[in-house]
Amino acid sequence: MSTGGARLFVSAAHKSSGKTTVSIGLCAALAARGLNVQPFKKGPDYIDPLWLSAAAGRACRNLDHNTMTPPEIRALFRRHAAGADIAVIEGNKGLHDGVDLEGTDSSAALAALLRAPVVLVIDACGITRGIAPLLLGLRNFAPRPRFAGVILNKVSGARHEAKLRAAIERYTDFTVLGALPRNDTLVIAERHIGLVPANEARGAGEQIARLGSAVAAGIDLDRLLEAARAVPPLRRRLHAPRGAAPLRWRVGVARDAAFGFYYADDLDMLLAEGFAVIPFDTLRDPHLPPDLDGLFIGGGFPEAQMDALETNASLRAAIRAAVTGGMPVYAECGGLMYLSRSITWNGTRRAMVGALPADAVMHRHPQGRGLVRLRETGMSPWPAVPDGTIAGHEFHHAALENLPPDTRFAYDVLRGHGITGGADGIVLGRTLAAFTHLRGVGPAPWPRRFAALMRSRTSRPFPRIPAGVLGPCPTARPSMRAIPSAPDR
């Protein structure tokens, strides 16, 4: 499609209304019609995009007010929507929720910025006539996006649906695009931070197919497409995106059931910097891929796979040797936990890579959650950012214990928790490992900085970490003291 092509913004009155399952079903149902569907997700999120990508067959892209300026959001949207028949944008939380009291970072504001009509998913449990003032309030509260209509979710039966439709028709001008029944088979299992990721969930393909069939049966897709196509054009971008460089280097990226939290645009930027992205499986591959110039281990749920991670001792040893040998390594959250000596969860301790002198311990409640602001300390192995401040996000139930007092940190935490409450980003040789997730946007995006570090191997050798800094290589350990049951991070 062109820069003014078909698009929809899926939102709700509040979180847990079913907008993610509806968005997944929409992507699957539209793709089943032969349409090229480009999914987007508002905010810092990895799990919903994994499901949306699988449903659409096209990598989901994140649009985030915390790390991106409005022009950056529009440019990214135009670039990736340009090759699709329709763009489906899933909001986060409720339509008018956000950090800013004025609503400038809300889903409503993003929908207005992209001039995308909003499809409201309403959790109909326990409501009939009251749906009318709810819809009127959502429409009349600023910022005011356009609306395509409403989808009634978790409807208890034909009589319930008739009452909802009558109230909407009598008191509002909203179009009812369809209804979905209350049905446990349409619900994706959740953990405390959201859905179980598609890269880990058993039967993900079958679940996506069920959602697609339910949406195709219950939603008027022709009417929805009509609304999606009746949109004004967006102004065209003035500058073409930076072209890709020849692939001269190789970066290994952990991609498996334990580690799947990656932004597609960050990986694209590594490609643009001339790095072939080489996936490896921390659960099954006995060795690292050959001839790597660096490693990137993103977030995920290593605690849920810690038995298999410990069992794969040869790969753990190879990664530890890469770190101690001076290979550039970047790890975020779950990757940080994997690089530590051990993970303890539910009273069980399992040995990890042992490249970092610390132990990860899972807790019942989040140790860090939300938007993050960092200020660089000057200790980072990467080239410095222009103003020294970075935006990111964190959500982890893990904490690090037994850190040496002389640990070097790349960041002071201005907002958030990080590793210590005031610092984040352990620096050890050319390894940087943090709880904060970064995004490759802004004047000095992290993939370009990491790429510059990895390219430096062609001009100077990796500095080795002195023997004895990390201690002996971790081995399997017996169960430790009981820790209250903690959900996955």
# chains A, B, ... in the order shown; residues from 1 in each chain; ligands from 1
>>> residues_around(residues="Pro181 in chain A", least_positions_apart="4", cutoff="9 Å", atoms="only C-alpha atoms", output="MDAnalysis selection string")
chainID A and resid 152:157 214 218
>>> write_last_selection(atoms="C-alpha atoms", output="PDB file, in the first residue's frame")
ATOM      1  CA  LEU A 152     -18.112  -6.910  21.565  1.00  0.00           C
ATOM      2  CA  ASN A 153     -15.918  -9.449  23.325  1.00  0.00           C
ATOM      3  CA  LYS A 154     -16.818 -12.216  25.785  1.00  0.00           C
ATOM      4  CA  VAL A 155     -20.536 -12.041  24.980  1.00  0.00           C
ATOM      5  CA  SER A 156     -22.498 -14.601  27.008  1.00  0.00           C
ATOM      6  CA  GLY A 157     -25.120 -15.399  24.370  1.00  0.00           C
ATOM      7  CA  ALA A 214     -13.459 -17.018  15.437  1.00  0.00           C
ATOM      8  CA  GLY A 218     -17.922 -13.206  14.346  1.00  0.00           C
TER       9      GLY A 218
END
>>> closest_atom_pairs(of="range 69-136 of chain A", to="range 41-51 of chain A", cutoff="6 Å", atoms="only C-alpha atoms", output="CSV")
residue,atom,partner,partner_atom,distance
A:Ile89,CA,A:Lys41,CA,5.6
A:Glu90,CA,A:Lys41,CA,4.9
A:Gly91,CA,A:Lys42,CA,5.0
A:Asn92,CA,A:Lys42,CA,5.9
>>> closest_atom_pairs(of="range 268-385 of chain A", to="range 390-396 of chain A", cutoff="7 Å", atoms="only C-alpha atoms", output="Markdown table")
| residue | atom | partner | partner_atom | distance |
| --- | --- | --- | --- | --- |
| A:Pro366 | CA | A:His396 | CA | 5.6 |
| A:Gln367 | CA | A:His396 | CA | 5.9 |
| A:Gly368 | CA | A:Phe395 | CA | 5.4 |
| A:Arg369 | CA | A:Phe395 | CA | 4.2 |
| A:Gly370 | CA | A:Glu394 | CA | 5.5 |
| A:Leu371 | CA | A:His393 | CA | 4.4 |
| A:Val372 | CA | A:His393 | CA | 4.9 |
| A:Arg373 | CA | A:Ala391 | CA | 4.8 |
| A:Leu374 | CA | A:Ile390 | CA | 5.0 |
| A:Arg375 | CA | A:Ile390 | CA | 6.4 |
>>> write_last_selection(atoms="C-alpha atoms", output="mmCIF file, in the first residue's frame")
data_model
loop_
_atom_site.group_PDB
_atom_site.id
_atom_site.type_symbol
_atom_site.label_atom_id
_atom_site.label_comp_id
_atom_site.auth_asym_id
_atom_site.auth_seq_id
_atom_site.Cartn_x
_atom_site.Cartn_y
_atom_site.Cartn_z
ATOM 1 C CA PRO A 366 8.783 -7.431 40.296
ATOM 2 C CA GLN A 367 12.192 -6.050 41.191
ATOM 3 C CA GLY A 368 12.030 -3.545 38.359
ATOM 4 C CA ARG A 369 9.066 -2.578 36.203
ATOM 5 C CA GLY A 370 8.285 0.257 33.821
ATOM 6 C CA LEU A 371 9.994 2.992 31.857
ATOM 7 C CA VAL A 372 13.681 3.648 32.499
ATOM 8 C CA ARG A 373 15.996 6.635 32.120
ATOM 9 C CA LEU A 374 19.729 6.026 32.204
ATOM 10 C CA ARG A 375 22.767 8.309 32.325
#
>>> closest_residue(among="A:Leu52, A:Leu234, A:Pro246, A:Gly126", to="Leu114 in chain A", atoms="only C-alpha atoms")
A:Leu234
>>> closest_residue(among="A:Pro39, A:Gly442, A:Pro117, A:Gly334", to="Arg139 in chain A", atoms="only C-alpha atoms")
A:Pro117
>>> closest_residue(among="A:Arg144, A:Arg33, A:Arg430, A:Arg159", to="Val323 in chain A", atoms="only C-alpha atoms")
A:Arg430
>>> residues_around(residues="Gln38 in chain A", least_positions_apart="6", cutoff="10 Å", atoms="only C-alpha atoms", output="PyMOL selection string")
chain A and resi 7+27+31+52-53+56-61+77+80-89
>>> closest_residue(among="A:Cys333, A:Leu271, A:Val119, A:Ala304", to="Asn346 in chain A", atoms="only C-alpha atoms")
A:Ala304
>>> closest_residue(among="A:Leu95, A:Ile297, A:Ala209, A:Ile168", to="Ala254 in chain A", atoms="only C-alpha atoms")
A:Ile297
>>> atom_distance(atom1="CA of Tyr262 in chain A", atom2="CA of Gly299 in chain A")
7.4 Å
>>> select_by_dssp(residues="range 50-288 of chain A", states="strand (DSSP E or B)", output="VMD selection string")
chain A and resid 61 to 63 86 to 90 118 to 123 147 to 155 176 to 181 190 to 191 194 to 195 219 249 to 254 259 to 261 275 to 280
>>> decode(residues="range 144-259 of chain A", atoms="C-alpha atoms", output="short mmCIF file (atom, residue, chain, number, x, y, z; two decimals), in the first residue's frame")
data_model
loop_
_atom_site.label_atom_id
_atom_site.label_comp_id
_atom_site.auth_asym_id
_atom_site.auth_seq_id
_atom_site.Cartn_x
_atom_site.Cartn_y
_atom_site.Cartn_z
CA ARG A 144 -10.12 12.34 20.05
CA PRO A 145 -9.17 9.87 17.32
CA ARG A 146 -11.48 8.63 14.59
CA PHE A 147 -13.46 5.47 15.34
CA ALA A 148 -14.14 2.59 12.99
CA GLY A 149 -16.50 0.78 15.33
CA VAL A 150 -16.72 -1.58 18.25
CA ILE A 151 -16.18 -5.31 18.72
CA LEU A 152 -18.11 -6.91 21.57
CA ASN A 153 -15.92 -9.45 23.33
CA LYS A 154 -16.82 -12.22 25.79
CA VAL A 155 -20.54 -12.04 24.98
CA SER A 156 -22.50 -14.60 27.01
CA GLY A 157 -25.12 -15.40 24.37
CA ALA A 158 -27.54 -14.14 21.72
CA ARG A 159 -29.78 -12.33 24.23
CA HIS A 160 -26.81 -10.54 25.78
CA GLU A 161 -25.53 -9.49 22.37
CA ALA A 162 -28.98 -8.18 21.37
CA LYS A 163 -29.16 -5.98 24.48
CA LEU A 164 -25.70 -4.57 23.81
CA ARG A 165 -26.48 -3.84 20.17
CA ALA A 166 -29.78 -2.17 21.09
CA ALA A 167 -28.13 0.15 23.62
CA ILE A 168 -25.36 1.09 21.21
CA GLU A 169 -27.83 1.78 18.39
CA ARG A 170 -30.21 3.76 20.62
CA TYR A 171 -27.67 6.04 22.34
CA THR A 172 -24.55 6.22 20.15
CA ASP A 173 -23.41 6.39 16.54
CA PHE A 174 -20.87 3.58 16.93
CA THR A 175 -20.90 0.80 14.36
CA VAL A 176 -20.92 -2.70 15.81
CA LEU A 177 -18.39 -4.61 13.75
CA GLY A 178 -19.16 -7.94 15.37
CA ALA A 179 -19.08 -10.00 18.53
CA LEU A 180 -17.03 -12.83 19.98
CA PRO A 181 -18.38 -15.29 22.54
CA ARG A 182 -17.02 -16.00 25.97
CA ASN A 183 -14.92 -19.04 25.17
CA ASP A 184 -11.98 -20.41 27.13
CA THR A 185 -10.48 -21.96 23.98
CA LEU A 186 -9.88 -18.44 22.63
CA VAL A 187 -7.83 -17.40 25.66
CA ILE A 188 -4.03 -17.57 25.46
CA ALA A 189 -2.33 -18.61 28.68
CA GLU A 190 -0.82 -15.71 30.63
CA ARG A 191 2.06 -15.10 32.97
CA HIS A 192 2.38 -12.07 35.18
CA ILE A 193 3.85 -9.89 32.40
CA GLY A 194 1.42 -10.97 29.68
CA LEU A 195 0.81 -13.85 27.33
CA VAL A 196 3.08 -16.87 27.19
CA PRO A 197 5.35 -16.03 24.21
CA ALA A 198 4.57 -17.65 20.87
CA ASN A 199 8.15 -18.94 20.63
CA GLU A 200 7.55 -20.94 23.83
CA ALA A 201 3.82 -21.76 23.77
CA ARG A 202 2.88 -25.25 22.68
CA GLY A 203 0.36 -25.32 19.87
CA ALA A 204 0.81 -21.63 19.03
CA GLY A 205 -0.08 -22.23 15.40
CA GLU A 206 -3.29 -24.03 16.30
CA GLN A 207 -4.27 -21.27 18.74
CA ILE A 208 -3.70 -18.60 16.09
CA ALA A 209 -5.84 -20.60 13.65
CA ARG A 210 -8.65 -20.82 16.24
CA LEU A 211 -8.55 -17.07 16.82
CA GLY A 212 -8.53 -16.38 13.10
CA SER A 213 -11.55 -18.62 12.55
CA ALA A 214 -13.46 -17.02 15.44
CA VAL A 215 -12.79 -13.52 14.12
CA ALA A 216 -13.76 -14.50 10.57
CA ALA A 217 -17.03 -15.95 11.88
CA GLY A 218 -17.92 -13.21 14.35
CA ILE A 219 -16.59 -10.00 12.78
CA ASP A 220 -17.81 -8.26 9.63
CA LEU A 221 -14.42 -8.17 7.91
CA ASP A 222 -15.76 -6.44 4.79
CA ARG A 223 -17.11 -3.57 6.88
CA LEU A 224 -13.91 -3.44 8.88
CA LEU A 225 -11.82 -3.26 5.68
CA GLU A 226 -14.06 -0.51 4.35
CA ALA A 227 -13.36 1.55 7.47
CA ALA A 228 -9.64 0.78 7.26
CA ARG A 229 -9.45 2.01 3.68
CA ALA A 230 -11.40 5.22 4.27
CA VAL A 231 -8.43 7.01 5.81
CA PRO A 232 -6.65 10.23 4.91
CA PRO A 233 -3.09 10.02 3.58
CA LEU A 234 -0.06 10.59 5.76
CA ARG A 235 2.51 13.11 4.58
CA ARG A 236 5.40 11.43 2.87
CA ARG A 237 8.81 11.20 4.50
CA LEU A 238 11.42 13.61 3.25
CA HIS A 239 14.47 11.35 3.56
CA ALA A 240 15.03 7.79 2.40
CA PRO A 241 16.15 5.28 5.06
CA ARG A 242 19.83 4.48 5.28
CA GLY A 243 20.83 1.69 2.89
CA ALA A 244 22.29 -1.60 4.05
CA ALA A 245 26.03 -2.11 4.06
CA PRO A 246 27.66 -5.24 2.58
CA LEU A 247 27.60 -8.09 5.11
CA ARG A 248 31.23 -8.29 6.23
CA TRP A 249 30.78 -9.34 9.88
CA ARG A 250 28.77 -11.87 11.88
CA VAL A 251 26.88 -11.42 15.16
CA GLY A 252 25.44 -14.43 16.95
CA VAL A 253 21.92 -13.92 18.35
CA ALA A 254 20.29 -16.38 20.80
CA ARG A 255 16.88 -17.34 19.35
CA ASP A 256 15.00 -20.16 21.09
CA ALA A 257 12.38 -20.88 23.75
CA ALA A 258 14.52 -19.20 26.43
CA PHE A 259 15.42 -16.02 24.51
#
